[in-house]
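Enquirer: So that you have it, the file is protein_38.txt, and it contains compact mmCIF, C-alpha atoms and all ligand atoms:
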# COMPACT_ATOMS: atom_id res chain seq x y z
CA MET P 57 -44.83 -77.96 -38.80
CA VAL P 58 -46.30 -79.88 -41.73
CA GLN P 59 -49.11 -77.75 -43.13
CA VAL P 60 -52.08 -79.21 -44.97
CA VAL P 61 -52.87 -76.73 -47.73
CA ASP P 62 -54.57 -76.44 -51.07
CA ALA P 63 -51.67 -77.34 -53.40
CA GLU P 64 -53.18 -75.50 -56.37
CA ARG P 65 -53.59 -72.34 -54.34
CA THR P 66 -50.04 -72.38 -52.97
CA ALA P 67 -48.63 -73.09 -56.45
CA GLU P 68 -50.48 -69.99 -57.68
CA MET P 69 -49.12 -67.97 -54.76
CA ARG P 70 -45.61 -69.11 -55.62
CA ASP P 71 -46.13 -67.93 -59.20
CA VAL P 72 -47.29 -64.51 -58.00
CA LEU P 73 -44.33 -64.25 -55.60
CA VAL P 74 -41.85 -65.25 -58.31
CA ALA P 75 -43.29 -62.62 -60.66
CA GLU P 76 -42.83 -59.91 -58.02
CA LEU P 77 -39.29 -61.07 -57.15
CA ARG P 78 -38.43 -60.94 -60.87
CA THR P 79 -39.98 -57.49 -61.31
CA GLN P 80 -38.07 -56.11 -58.33
CA GLY P 81 -34.78 -57.60 -59.55
CA MET P 82 -34.43 -59.97 -56.60
CA ILE P 83 -34.60 -63.05 -58.83
CA MET P 84 -32.34 -62.75 -61.86
CA SER P 85 -31.61 -66.37 -62.83
CA ASP P 86 -33.76 -69.24 -64.04
CA ALA P 87 -32.21 -71.54 -61.39
CA VAL P 88 -33.35 -69.38 -58.46
CA GLU P 89 -36.75 -68.89 -60.10
CA ALA P 90 -37.18 -72.66 -60.46
CA ALA P 91 -36.26 -73.17 -56.79
CA PHE P 92 -38.88 -70.62 -55.68
CA ARG P 93 -41.52 -72.26 -57.87
CA ARG P 94 -40.77 -75.73 -56.50
CA VAL P 95 -40.26 -75.37 -52.74
CA PRO P 96 -43.45 -75.07 -50.63
CA ARG P 97 -42.58 -72.26 -48.17
CA GLU P 98 -45.51 -73.07 -45.88
CA GLN P 99 -43.88 -76.35 -44.81
CA PHE P 100 -41.13 -74.37 -43.05
CA MET P 101 -43.39 -71.95 -41.16
CA PRO P 102 -45.32 -72.34 -37.91
CA ASP P 103 -48.69 -74.06 -38.62
CA ASP P 104 -50.84 -70.99 -38.01
CA THR P 105 -48.92 -68.71 -40.40
CA ASP P 106 -51.24 -66.92 -42.80
CA LEU P 107 -50.46 -67.87 -46.40
CA ALA P 108 -50.39 -64.18 -47.32
CA VAL P 109 -47.43 -63.86 -44.93
CA VAL P 110 -45.81 -67.11 -46.09
CA TYR P 111 -45.88 -65.86 -49.68
CA GLY P 112 -45.39 -62.18 -48.88
CA TYR P 113 -42.54 -60.43 -50.69
CA ASP P 114 -40.94 -58.93 -47.60
CA ARG P 115 -42.52 -60.78 -44.66
CA SER P 116 -40.21 -62.60 -42.28
CA VAL P 117 -41.70 -64.90 -39.63
CA VAL P 118 -40.17 -65.00 -36.15
CA THR P 119 -39.95 -68.58 -34.90
CA LYS P 120 -38.15 -68.02 -31.60
CA ARG P 121 -37.70 -65.17 -29.11
CA ASP P 122 -35.48 -64.78 -26.05
CA GLY P 123 -36.70 -63.89 -22.54
CA HIS P 124 -36.77 -60.16 -23.46
CA GLY P 125 -38.91 -60.74 -26.55
CA ARG P 126 -35.99 -60.28 -28.93
CA ALA P 127 -36.21 -62.34 -32.14
CA MET P 128 -33.52 -65.05 -32.11
CA SER P 129 -34.65 -67.17 -35.05
CA SER P 130 -36.87 -66.49 -38.02
CA VAL P 131 -37.72 -67.57 -41.51
CA SER P 132 -36.22 -64.82 -43.63
CA ALA P 133 -38.33 -62.76 -46.03
CA ALA P 134 -38.59 -64.09 -49.57
CA TYR P 135 -36.95 -61.03 -51.18
CA ILE P 136 -33.74 -61.32 -49.17
CA GLN P 137 -33.55 -65.11 -49.55
CA ALA P 138 -33.78 -64.69 -53.33
CA ARG P 139 -31.30 -61.83 -53.39
CA MET P 140 -28.73 -63.71 -51.27
CA LEU P 141 -29.07 -66.80 -53.50
CA GLU P 142 -28.34 -64.60 -56.51
CA LEU P 143 -25.42 -62.88 -54.77
CA ALA P 144 -23.93 -66.34 -54.03
CA ASP P 145 -23.64 -66.93 -57.80
CA LEU P 146 -24.29 -70.67 -57.45
CA ARG P 147 -23.92 -73.30 -60.15
CA PRO P 148 -25.02 -76.95 -60.30
CA GLY P 149 -22.56 -79.23 -58.49
CA MET P 150 -21.29 -76.59 -56.06
CA THR P 151 -20.74 -77.14 -52.35
CA VAL P 152 -22.36 -74.50 -50.16
CA LEU P 153 -22.59 -73.70 -46.46
CA GLU P 154 -25.58 -71.97 -44.94
CA VAL P 155 -24.98 -70.37 -41.54
CA GLY P 156 -28.26 -70.07 -39.63
CA SER P 157 -30.79 -72.71 -40.55
CA GLY P 158 -34.52 -73.33 -40.65
CA GLY P 159 -34.67 -75.57 -43.71
CA LEU P 160 -36.35 -73.32 -46.24
CA ASN P 161 -33.30 -71.57 -47.60
CA ALA P 162 -31.39 -74.87 -47.48
CA ALA P 163 -34.10 -76.39 -49.68
CA TYR P 164 -33.69 -73.53 -52.18
CA LEU P 165 -29.92 -74.06 -52.11
CA ALA P 166 -30.35 -77.79 -52.75
CA GLU P 167 -32.57 -77.03 -55.75
CA VAL P 168 -30.02 -74.60 -57.21
CA VAL P 169 -26.88 -76.75 -56.78
CA GLY P 170 -28.78 -79.88 -57.84
CA SER P 171 -28.20 -83.54 -57.11
CA GLN P 172 -24.45 -83.31 -57.81
CA GLY P 173 -24.07 -80.42 -55.35
CA ARG P 174 -23.76 -80.44 -51.57
CA VAL P 175 -25.54 -78.26 -49.00
CA VAL P 176 -24.49 -78.02 -45.37
CA SER P 177 -26.79 -75.98 -43.13
CA ILE P 178 -25.79 -75.23 -39.54
CA ASP P 179 -27.47 -73.61 -36.57
CA ILE P 180 -26.33 -73.04 -33.02
CA ASP P 181 -29.80 -73.96 -31.75
CA PRO P 182 -30.67 -77.70 -31.67
CA GLU P 183 -34.41 -76.90 -31.78
CA VAL P 184 -33.96 -75.04 -35.07
CA ILE P 185 -32.00 -77.95 -36.51
CA ASP P 186 -34.68 -80.47 -35.42
CA ARG P 187 -37.36 -78.34 -37.07
CA ALA P 188 -35.31 -77.89 -40.23
CA ALA P 189 -34.60 -81.62 -40.46
CA SER P 190 -38.26 -82.64 -40.14
CA ALA P 191 -39.48 -80.02 -42.64
CA LEU P 192 -36.79 -81.03 -45.17
CA ASP P 193 -37.85 -84.64 -44.63
CA ALA P 194 -41.50 -83.74 -45.23
CA ILE P 195 -40.72 -82.32 -48.68
CA GLY P 196 -38.34 -85.16 -49.54
CA HIS P 197 -35.14 -83.10 -49.31
CA SER P 198 -33.50 -84.72 -46.28
CA SER P 199 -30.94 -86.61 -48.36
CA ARG P 200 -29.95 -83.41 -50.19
CA VAL P 201 -29.00 -81.27 -47.20
CA ARG P 202 -26.79 -82.03 -44.21
CA VAL P 203 -28.16 -80.11 -41.21
CA LEU P 204 -26.17 -79.96 -38.01
CA VAL P 205 -25.78 -78.07 -34.75
CA ALA P 206 -22.63 -75.93 -34.75
CA ASP P 207 -21.41 -72.48 -33.73
CA ALA P 208 -20.46 -70.86 -37.04
CA GLU P 209 -17.57 -69.00 -35.46
CA ARG P 210 -15.66 -72.29 -35.36
CA GLY P 211 -16.51 -73.41 -38.89
CA VAL P 212 -17.69 -76.91 -39.75
CA PRO P 213 -14.98 -79.51 -39.11
CA GLY P 214 -14.80 -82.19 -41.77
CA GLU P 215 -16.72 -80.12 -44.35
CA GLY P 216 -15.65 -77.81 -47.16
CA PRO P 217 -13.98 -76.29 -48.98
CA PHE P 218 -17.07 -74.34 -49.92
CA ASP P 219 -17.72 -72.60 -53.22
CA ALA P 220 -20.07 -70.29 -51.36
CA ILE P 221 -20.97 -69.47 -47.76
CA ILE P 222 -24.28 -67.74 -47.08
CA VAL P 223 -24.58 -66.29 -43.58
CA THR P 224 -28.19 -65.64 -42.58
CA VAL P 225 -27.59 -64.09 -39.16
CA GLY P 226 -26.23 -60.62 -38.34
CA ALA P 227 -22.42 -60.79 -38.26
CA TRP P 228 -20.17 -58.14 -36.75
CA ASP P 229 -17.07 -59.63 -38.35
CA VAL P 230 -15.91 -62.26 -40.84
CA ALA P 231 -14.94 -65.34 -38.81
CA PRO P 232 -11.46 -66.63 -39.79
CA ALA P 233 -12.98 -70.14 -40.01
CA TRP P 234 -15.20 -69.04 -42.92
CA LEU P 235 -12.21 -67.85 -44.92
CA ARG P 236 -10.29 -71.03 -44.09
CA GLN P 237 -13.20 -73.07 -45.51
CA LEU P 238 -13.89 -70.88 -48.56
CA ARG P 239 -12.37 -71.79 -51.92
CA PRO P 240 -9.78 -69.37 -53.41
CA ASP P 241 -12.41 -67.90 -55.77
CA GLY P 242 -15.34 -68.51 -53.42
CA VAL P 243 -18.22 -66.19 -52.55
CA LEU P 244 -19.21 -65.07 -49.06
CA VAL P 245 -22.64 -63.46 -48.63
CA LEU P 246 -23.37 -62.03 -45.21
CA PRO P 247 -25.34 -59.37 -43.34
CA LEU P 248 -22.43 -57.34 -41.98
CA ILE P 249 -22.95 -54.95 -39.08
CA MET P 250 -21.02 -51.71 -39.53
CA ASN P 251 -21.29 -49.47 -36.50
CA ASN P 252 -24.92 -50.48 -35.91
CA VAL P 253 -26.02 -50.43 -39.56
CA THR P 254 -26.41 -53.73 -41.42
CA ARG P 255 -25.92 -54.42 -45.11
CA VAL P 256 -26.09 -57.77 -46.82
CA ILE P 257 -22.86 -57.79 -48.81
CA GLY P 258 -21.86 -60.25 -51.51
CA PHE P 259 -18.07 -60.65 -51.44
CA ARG P 260 -15.85 -62.59 -53.83
CA ARG P 261 -12.42 -63.67 -52.68
CA ASP P 262 -9.57 -61.91 -54.53
CA GLY P 263 -6.25 -63.35 -53.36
CA ASP P 264 -5.75 -62.44 -49.71
CA HIS P 265 -8.87 -60.27 -49.34
CA LEU P 266 -12.57 -60.05 -50.25
CA VAL P 267 -14.10 -57.56 -52.68
CA SER P 268 -17.82 -56.71 -52.72
CA THR P 269 -19.91 -57.45 -55.78
CA ALA P 270 -23.26 -55.99 -54.65
CA THR P 271 -25.24 -55.15 -51.51
CA GLU P 272 -28.81 -55.22 -50.23
CA VAL P 273 -30.64 -53.62 -47.32
CA ALA P 274 -32.06 -56.09 -44.78
CA GLY P 275 -32.21 -56.78 -41.06
CA PHE P 276 -31.28 -60.06 -39.39
CA VAL P 277 -31.44 -61.67 -35.94
CA PRO P 278 -28.23 -61.30 -33.91
CA MET P 279 -25.33 -63.74 -33.94
CA GLN P 280 -25.09 -65.95 -30.86
CA GLY P 281 -22.13 -67.94 -29.56
CA ASP P 282 -18.45 -67.03 -29.81
CA GLY P 283 -19.01 -64.40 -32.53
CA SER P 284 -21.71 -62.51 -30.61
CA ARG P 285 -21.26 -58.88 -29.54
CA THR P 286 -22.69 -56.89 -26.68
CA ASP P 287 -23.72 -53.33 -27.51
CA GLN P 288 -23.19 -50.50 -25.04
CA VAL P 289 -26.50 -48.88 -24.14
CA LEU P 290 -26.89 -45.50 -22.48
CA GLU P 291 -30.32 -44.84 -20.96
CA LEU P 292 -31.49 -41.24 -20.77
CA PRO P 293 -34.52 -40.85 -18.48
CA GLU P 294 -37.11 -38.19 -19.23
CA PRO P 295 -38.54 -36.33 -16.23
CA SER P 296 -41.53 -38.78 -16.56
CA GLY P 297 -39.16 -41.73 -15.98
CA ARG P 298 -39.66 -43.05 -19.52
CA LYS P 299 -36.44 -43.62 -21.37
CA VAL P 300 -34.62 -42.78 -24.55
CA ARG P 301 -31.76 -45.17 -25.33
CA LEU P 302 -28.54 -44.59 -27.22
CA THR P 303 -26.89 -47.82 -28.41
CA PHE P 304 -23.23 -47.83 -29.37
CA ASP P 305 -21.61 -50.55 -31.41
CA SER P 306 -18.06 -50.28 -30.10
CA ASP P 307 -16.64 -46.83 -29.39
CA ALA P 308 -19.02 -45.17 -26.94
CA PRO P 309 -17.64 -41.68 -26.28
CA ALA P 310 -15.82 -41.26 -22.97
CA ASN P 311 -17.49 -39.31 -20.16
CA MET P 312 -21.07 -40.14 -21.05
CA SER P 313 -22.20 -38.77 -17.68
CA GLN P 314 -22.18 -35.36 -19.42
CA LEU P 315 -25.53 -36.39 -20.91
CA ASP P 316 -27.21 -36.68 -17.48
CA GLY P 317 -30.44 -34.69 -17.50
CA VAL P 318 -30.06 -33.82 -21.17
CA LEU P 319 -33.72 -34.48 -22.04
CA ALA P 320 -34.83 -31.76 -19.63
CA THR P 321 -33.13 -29.13 -21.83
CA ASP P 322 -34.87 -27.30 -24.69
CA GLN P 323 -34.83 -29.03 -28.04
CA ILE P 324 -33.15 -27.27 -30.93
CA GLU P 325 -33.42 -27.93 -34.69
CA VAL P 326 -30.92 -27.42 -37.49
CA TRP P 327 -31.94 -28.07 -41.12
CA SER P 328 -29.54 -29.03 -43.88
CA GLY P 329 -31.09 -27.79 -47.12
CA VAL P 330 -30.58 -31.34 -48.46
CA THR P 331 -33.82 -32.77 -49.79
CA ILE P 332 -35.11 -36.10 -51.02
CA GLU P 333 -38.19 -36.96 -53.04
CA HIS P 334 -41.00 -38.69 -51.19
CA GLY P 335 -40.80 -42.48 -51.41
CA VAL P 336 -37.09 -42.59 -52.30
CA SER P 337 -34.91 -44.70 -50.00
CA PHE P 338 -32.18 -42.92 -48.06
CA ALA P 339 -30.79 -46.06 -46.41
CA ASP P 340 -27.33 -45.09 -47.66
CA LEU P 341 -27.48 -41.91 -45.58
CA HIS P 342 -27.68 -44.15 -42.49
CA LEU P 343 -24.68 -46.07 -43.76
CA TRP P 344 -22.79 -42.84 -44.44
CA LEU P 345 -23.46 -41.56 -40.92
CA ALA P 346 -22.39 -44.91 -39.43
CA TRP P 347 -19.04 -44.65 -41.22
CA TYR P 348 -18.28 -40.94 -40.94
CA ALA P 349 -20.18 -39.29 -38.07
CA ASP P 350 -18.24 -39.19 -34.79
CA GLY P 351 -20.29 -40.39 -31.82
CA PHE P 352 -22.75 -42.24 -34.09
CA CYS P 353 -25.29 -44.45 -32.29
CA ARG P 354 -28.74 -45.96 -32.65
CA LEU P 355 -31.63 -44.25 -30.96
CA SER P 356 -34.81 -45.76 -29.50
CA ALA P 357 -37.51 -44.22 -27.34
CA ASP P 358 -40.13 -45.67 -24.98
CA GLU P 359 -43.75 -45.14 -25.96
CA GLY P 360 -44.95 -41.96 -24.27
CA THR P 361 -41.65 -40.06 -24.45
CA ALA P 362 -41.71 -36.66 -26.16
CA LEU P 363 -39.33 -38.04 -28.75
CA ALA P 364 -41.55 -41.04 -29.59
CA ALA P 365 -44.49 -38.68 -30.05
CA GLN P 366 -42.63 -36.64 -32.68
CA LYS P 367 -43.17 -37.38 -36.33
CA ARG P 368 -40.51 -38.28 -38.87
CA TRP P 369 -37.46 -39.05 -36.83
CA PHE P 370 -35.09 -41.87 -37.60
CA PRO P 371 -33.28 -44.09 -35.13
CA PHE P 372 -29.83 -42.63 -35.75
CA ALA P 373 -28.05 -40.08 -33.59
CA VAL P 374 -24.68 -38.53 -32.85
CA VAL P 375 -23.31 -37.67 -29.44
CA GLN P 376 -20.91 -34.76 -29.01
CA GLU P 377 -19.73 -34.01 -25.46
CA ALA P 378 -22.84 -32.83 -23.51
CA GLY P 379 -25.29 -33.03 -26.41
CA PHE P 380 -26.94 -35.43 -28.80
CA ALA P 381 -28.71 -34.92 -32.11
CA TYR P 382 -30.90 -37.25 -34.11
CA LEU P 383 -31.88 -37.46 -37.75
CA ALA P 384 -35.17 -35.81 -38.66
CA LEU P 385 -37.19 -34.93 -41.76
CA ARG P 386 -39.60 -32.09 -42.49
CA ASP P 387 -41.59 -31.18 -45.59
CA ALA P 388 -39.45 -29.18 -48.00
CA LEU P 389 -40.70 -25.96 -49.52
CA GLU P 390 -42.60 -25.92 -52.82
CA GLY P 391 -43.22 -29.65 -53.07
CA ALA P 392 -39.49 -30.51 -53.21
CA GLY P 393 -40.01 -33.66 -51.12
CA ALA P 394 -38.56 -33.68 -47.61
CA GLU P 395 -35.57 -31.96 -46.02
CA PHE P 396 -33.11 -33.67 -43.70
CA GLY P 397 -32.05 -32.09 -40.47
CA ALA P 398 -31.15 -32.71 -36.86
CA ARG P 399 -33.03 -32.20 -33.61
CA ALA P 400 -30.84 -31.98 -30.56
CA TYR P 401 -30.73 -31.69 -26.78
CA GLY P 402 -28.14 -30.65 -24.21
CA ALA P 403 -25.56 -27.93 -23.61
CA ASP P 404 -23.71 -29.14 -26.70
CA GLY P 405 -26.86 -29.87 -28.69
CA GLN P 406 -25.98 -27.19 -31.23
CA VAL P 407 -22.56 -28.79 -31.77
CA ALA P 408 -24.10 -32.25 -32.17
CA ALA P 409 -26.75 -30.97 -34.60
CA ALA P 410 -24.11 -29.12 -36.63
CA ALA P 411 -21.99 -32.29 -36.81
CA MET P 412 -24.93 -34.32 -38.09
CA VAL P 413 -25.95 -31.69 -40.63
CA GLU P 414 -22.35 -31.44 -41.86
CA GLN P 415 -22.40 -35.19 -42.59
CA ILE P 416 -25.83 -35.00 -44.28
CA ARG P 417 -24.34 -32.35 -46.61
CA ALA P 418 -21.19 -34.43 -47.17
CA TRP P 419 -23.35 -37.44 -48.12
CA ASP P 420 -25.32 -35.27 -50.52
CA ARG P 421 -22.10 -34.06 -52.20
CA GLU P 422 -20.17 -37.32 -52.27
CA GLY P 423 -22.45 -40.30 -51.63
CA HIS P 424 -26.07 -39.56 -52.45
CA ARG P 425 -26.07 -40.51 -56.12
CA THR P 426 -23.66 -43.45 -56.01
CA SER P 427 -23.48 -46.81 -54.22
CA PRO P 428 -20.52 -47.77 -52.07
CA THR P 429 -18.22 -50.74 -52.52
CA PHE P 430 -16.56 -52.68 -49.73
CA ALA P 431 -13.47 -54.82 -49.21
CA TYR P 432 -12.46 -56.99 -46.27
CA TRP P 433 -8.77 -57.47 -45.44
CA PRO P 434 -8.27 -60.27 -42.91
CA THR P 435 -5.43 -60.02 -40.40
CA GLY P 436 -2.29 -61.20 -42.18
CA SER P 437 -3.27 -59.78 -45.59
CA ASP P 438 -1.30 -56.87 -47.05
CA PRO P 439 -2.97 -53.59 -45.93
CA ALA P 440 -0.48 -51.56 -48.01
CA ARG P 441 -2.66 -52.54 -50.97
CA ILE P 442 -5.77 -50.87 -49.57
CA SER P 443 -6.89 -48.18 -51.98
CA ALA P 444 -5.94 -44.63 -50.88
CA ASP P 445 -9.50 -43.35 -51.32
CA ALA P 446 -11.01 -46.04 -49.05
CA THR P 447 -12.09 -45.45 -45.44
CA VAL P 448 -11.14 -48.16 -42.96
CA MET P 449 -13.17 -49.67 -40.10
CA ASP P 450 -11.38 -51.94 -37.64
CA LYS P 451 -12.85 -55.36 -36.97
CA THR P 452 -11.54 -58.06 -34.64
CA HIS P 453 -10.15 -60.33 -37.33
CA GLY P 454 -9.28 -57.78 -40.01
CA VAL P 455 -10.33 -54.44 -41.46
CA LEU P 456 -13.29 -53.46 -43.59
CA THR P 457 -13.09 -50.66 -46.13
CA ILE P 458 -15.72 -48.58 -47.89
CA SER P 459 -15.31 -46.50 -51.07
CA TRP P 460 -17.85 -44.25 -52.74
CA PRO P 461 -17.19 -44.08 -56.46
CA ARG P 462 -16.94 -40.59 -57.90
CA GLU P 463 -19.97 -39.64 -59.97
C1 LIG W 1 -32.68 -65.67 -39.64
S1 LIG W 1 -32.46 -67.25 -38.93
C2 LIG W 1 -32.06 -68.28 -40.30
C3 LIG W 1 -33.04 -68.24 -41.41
C4 LIG W 1 -32.89 -69.32 -42.43
N1 LIG W 1 -31.60 -69.28 -43.08
C5 LIG W 1 -33.99 -69.11 -43.46
O1 LIG W 1 -33.72 -68.58 -44.52
O2 LIG W 1 -35.12 -69.44 -43.20
C6 LIG W 1 -30.88 -67.10 -38.13
C7 LIG W 1 -30.44 -68.33 -37.39
O3 LIG W 1 -29.07 -68.18 -37.04
C8 LIG W 1 -28.84 -68.96 -35.90
N2 LIG W 1 -27.56 -68.57 -35.29
C9 LIG W 1 -27.29 -67.53 -34.49
N3 LIG W 1 -25.99 -67.52 -34.14
C10 LIG W 1 -25.42 -68.59 -34.73
C11 LIG W 1 -24.10 -69.13 -34.74
N4 LIG W 1 -23.11 -68.57 -34.06
N5 LIG W 1 -23.87 -70.25 -35.46
C12 LIG W 1 -24.88 -70.86 -36.15
N6 LIG W 1 -26.15 -70.40 -36.17
C13 LIG W 1 -26.42 -69.27 -35.48
C14 LIG W 1 -30.07 -68.69 -35.05
O4 LIG W 1 -30.27 -69.73 -34.09
C15 LIG W 1 -31.18 -68.60 -36.09
O5 LIG W 1 -31.89 -69.80 -36.19
Take the structure in the file and write it out as structure tokens.
Expert:
Amino acid sequence: MVQVVDAERTAEMRDVLVAELRTQGMIMSDAVEAAFRRVPREQFMPDDTDLAVVYGYDRSVVTKRDGHGRAMSSVSAAYIQARMLELADLRPGMTVLEVGSGGLNAAYLAEVVGSQGRVVSIDIDPEVIDRAASALDAIGHSSRVRVLVADAERGVPGEGPFDAIIVTVGAWDVAPAWLRQLRPDGVLVLPLIMNNVTRVIGFRRDGDHLVSTATEVAGFVPMQGDGSRTDQVLELPEPSGRKVRLTFDSDAPANMSQLDGVLATDQIEVWSGVTIEHGVSFADLHLWLAWYADGFCRLSADEGTALAAQKRWFPFAVVQEAGFAYLALRDALEGAGAEFGARAYGADGQVAAAAMVEQIRAWDREGHRTSPTFAYWPTGSDPARISADATVMDKTHGVLTISWPRE
């Protein structure tokens, strides 16, 4: 994995990348900027990786897939590495744990905490750790990072307490071991899965619970080991035999057999009147639906299905009894951008579409122009102190809350 490259060229590419990360607000501190200027990303990528990808702003590189082709390990995209380093609020001399390794982010961490700091980087996969160790060695960082094979769910015996823990793999919950190993004022940065929608959240510990400081949109490979989760997937065959899949995070509605044959029914559309300008992100609408829409699920469709052939649909749906509706967009009148709506199937398709449109309108009234905050209350903390205007989501080891500030 040691690439022979033109050092001048890659130094220039690092400068260009740093400038873009600064412009986009992903790098905010001189320490993170210096780390990105110093560490040669290409040394942590597969040999044949194009340098334009290596130094791309938002290009992740998959380094391992499972038997079904699902990405299990990757080198994260530069923008989210930078953002997570900033969210960790690191200082020289700090002790930091990285969950999910590969070497590159560990090298950045080592640069930021400096020679008086300590970096521990773990991965459940021995191959990833071998690769990380040899790449860190190649750039002369092996003495600055301890890499080891471990399942993060169980923490890292003999290490800590940590000033910061950065989790770089999709987590459904906050493992109790992380909180046991986090300092009283420590920072936990993790991609948290909330009913099928992931947000990277920076949390700072506040007594017995965690309070969010900021969030970022990103996708991550799934957690393996004791903290892994199995989604519930409902397959809906089209008359052609091709399938549409509904994936539920935890609470799949009872009596799903009511959806048998649903794709053979006529499609209906309901539009919300809620519009968005072209090019503006509506990722928070997905988050809103994940928190508030009953029967929320992810939607995917085989190539060749009628659904896959449609334009401007998004992989989020709601199921209501014998119907399901999914999020759609159409051009709004008089150049007002695009309008959100729902397309639906089944005997209860109208009900499902109405439920989705109701939530689109609720998001527009109460969430659209603000950003949510989160808190995590581990089991054993005092839930009586949860703010009255927060909405609660149960997790295995505690509860997560979301609040949308009033405008
Ligand atoms: C996105 S990659 C890590 C990327 C790396 N931090 C970087 O920035 O280049 C996620 C890694 O998490 C690892 N992983 C998955 N489940 C884990 C677990 N329970 N404990 C430790 N590592 C885990 C995977 O093997 C994978 O290598």
Enquirer: Pick the closest to ligand LIG 1 (chain W) from P:Gly405, P:Gly436, P:Pro371, P:Gly159: which is it, counting only C-alpha atoms and all ligand atoms?
Expert: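 Ranked by minimum distance to ligand LIG 1 (chain W), first place goes to P:Gly159.
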Enquirer: One decimal, Å: what's the distance from atom CA of Phe396 of chain P over to atom CA of Leu383 of chain P, could you say?
Expert: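 Going from atom CA of Phe396 of chain P over to atom CA of Leu383 of chain P, I get 7.2 Å.
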Enquirer: Do a neighbour search on Glu215 of chain P at 9 Å with all atoms listed in the file, toss out local chain neighbours closer than 5 positions, and write the hits as a PyMOL selection string.
Expert: chain P and resi 153+176+237
Enquirer: Restricting the calculation to only C-alpha atoms and all ligand atoms: of P:Arg94, P:Arg417, P:Lys367, P:Arg187, which residue gets closest to ligand LIG 1 (chain W)?
Expert: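 Nearest to ligand LIG 1 (chain W): P:Arg187.
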Enquirer: Which residues form the shell of 8 Å around ligand LIG 1 (chain W) when you count all atoms listed in the file, given as a ChimeraX atom specification?
Expert: /P:100,120,128-133,137,154-162,178-181,184,205-209,223-226,276-284
Enquirer: What are the centre and edge lengths in Å, to one decimal, of the axis-aligned box around all listed atoms of segment 257-272 of chain P with 6 Å added on each side, as lines of an AutoDock Vina configuration file?
Expert:
center_x = -17.3
center_y = -59.4
center_z = -52.3
size_x = 35.1
size_y = 20.5
size_z = 19.0
Enquirer: Between P:Ser199, P:Met140, P:Cys353, P:Ala91, which has the minimum distance to Val169 of chain P (counting all atoms listed in the file)?
Expert: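 Smallest distance to Val169 of chain P is found for P:Ala91.
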Enquirer: One decimal, in Å: what's the spacing between atom CA of Gly149 of chain P and atom CA of Asp186 of chain P?
Expert: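 If I compute the distance from atom CA of Gly149 of chain P to atom CA of Asp186 of chain P, I get 26.1 Å.
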Enquirer: Between P:Thr254, P:Thr66, P:Thr452, P:Ser328, which residue has the minimum interatomic distance to Leu107 of chain P, considering only C-alpha atoms?
Expert: P:Thr66
Enquirer: With only C-alpha atoms counted and 10 Å as the cut-off, give the residues of segment 379-452 of chain P in contact with segment 240-253 of chain P, each with its shortest interatomic distance in Å and the pair that gives it, as CSV.
Expert:
residue,atom,partner,partner_atom,distance
P:Met449,CA,P:Met250,CA,8.1
P:Asp450,CA,P:Met250,CA,9.8
P:Lys451,CA,P:Met250,CA,9.3
Enquirer: Separation of atom CA of Ser459 of chain P and atom CA of Ala446 of chain P, in Å?
Expert: 4.8 Å
Enquirer: Might you pull out every residue within 9 Å of Ala392 of chain P, with all atoms listed in the file counted and same-chain residues fewer than 2 positions away left off, and present them as a PDB file with C-alpha atoms, in the coordinates of the input?
Expert:
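Everything below was put into selection.pdb:
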ATOM      1  CA  THR P 331     -33.820 -32.770 -49.790  1.00  0.00           C
ATOM      2  CA  ILE P 332     -35.110 -36.100 -51.020  1.00  0.00           C
ATOM      3  CA  GLU P 333     -38.190 -36.960 -53.040  1.00  0.00           C
ATOM      4  CA  HIS P 334     -41.000 -38.690 -51.190  1.00  0.00           C
ATOM      5  CA  ASP P 387     -41.590 -31.180 -45.590  1.00  0.00           C
ATOM      6  CA  ALA P 388     -39.450 -29.180 -48.000  1.00  0.00           C
ATOM      7  CA  LEU P 389     -40.700 -25.960 -49.520  1.00  0.00           C
ATOM      8  CA  GLU P 390     -42.600 -25.920 -52.820  1.00  0.00           C
ATOM      9  CA  ALA P 394     -38.560 -33.680 -47.610  1.00  0.00           C
ATOM     10  CA  GLU P 395     -35.570 -31.960 -46.020  1.00  0.00           C
TER      11      GLU P 395
END
Enquirer: Restricting the calculation to only C-alpha atoms, which member of P:Ser190, P:Ser177, P:Gln323, P:Thr269 is positioned closest to Arg202 of chain P?
Expert: P:Ser177
Enquirer: Complete segment 230-234 of chain P with N, CA and C atoms (output as a CSV table (one decimal), in the frame of the given file).
Expert:
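Result file is out07.csv:
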chain,number,residue,atom,x,y,z
P,230,VAL,N,-16.1,-61.1,-40.0
P,230,VAL,CA,-15.9,-62.3,-40.8
P,230,VAL,C,-15.1,-63.3,-40.0
P,231,ALA,N,-15.7,-64.4,-39.6
P,231,ALA,CA,-14.9,-65.3,-38.8
P,231,ALA,C,-13.8,-65.9,-39.6
P,232,PRO,N,-12.6,-66.0,-39.1
P,232,PRO,CA,-11.5,-66.6,-39.8
P,232,PRO,C,-11.8,-68.0,-40.3
P,233,ALA,N,-12.6,-68.8,-39.6
P,233,ALA,CA,-13.0,-70.1,-40.0
P,233,ALA,C,-13.7,-70.1,-41.4
P,234,TRP,N,-14.5,-69.1,-41.6
P,234,TRP,CA,-15.2,-69.0,-42.9
P,234,TRP,C,-14.2,-68.9,-44.1
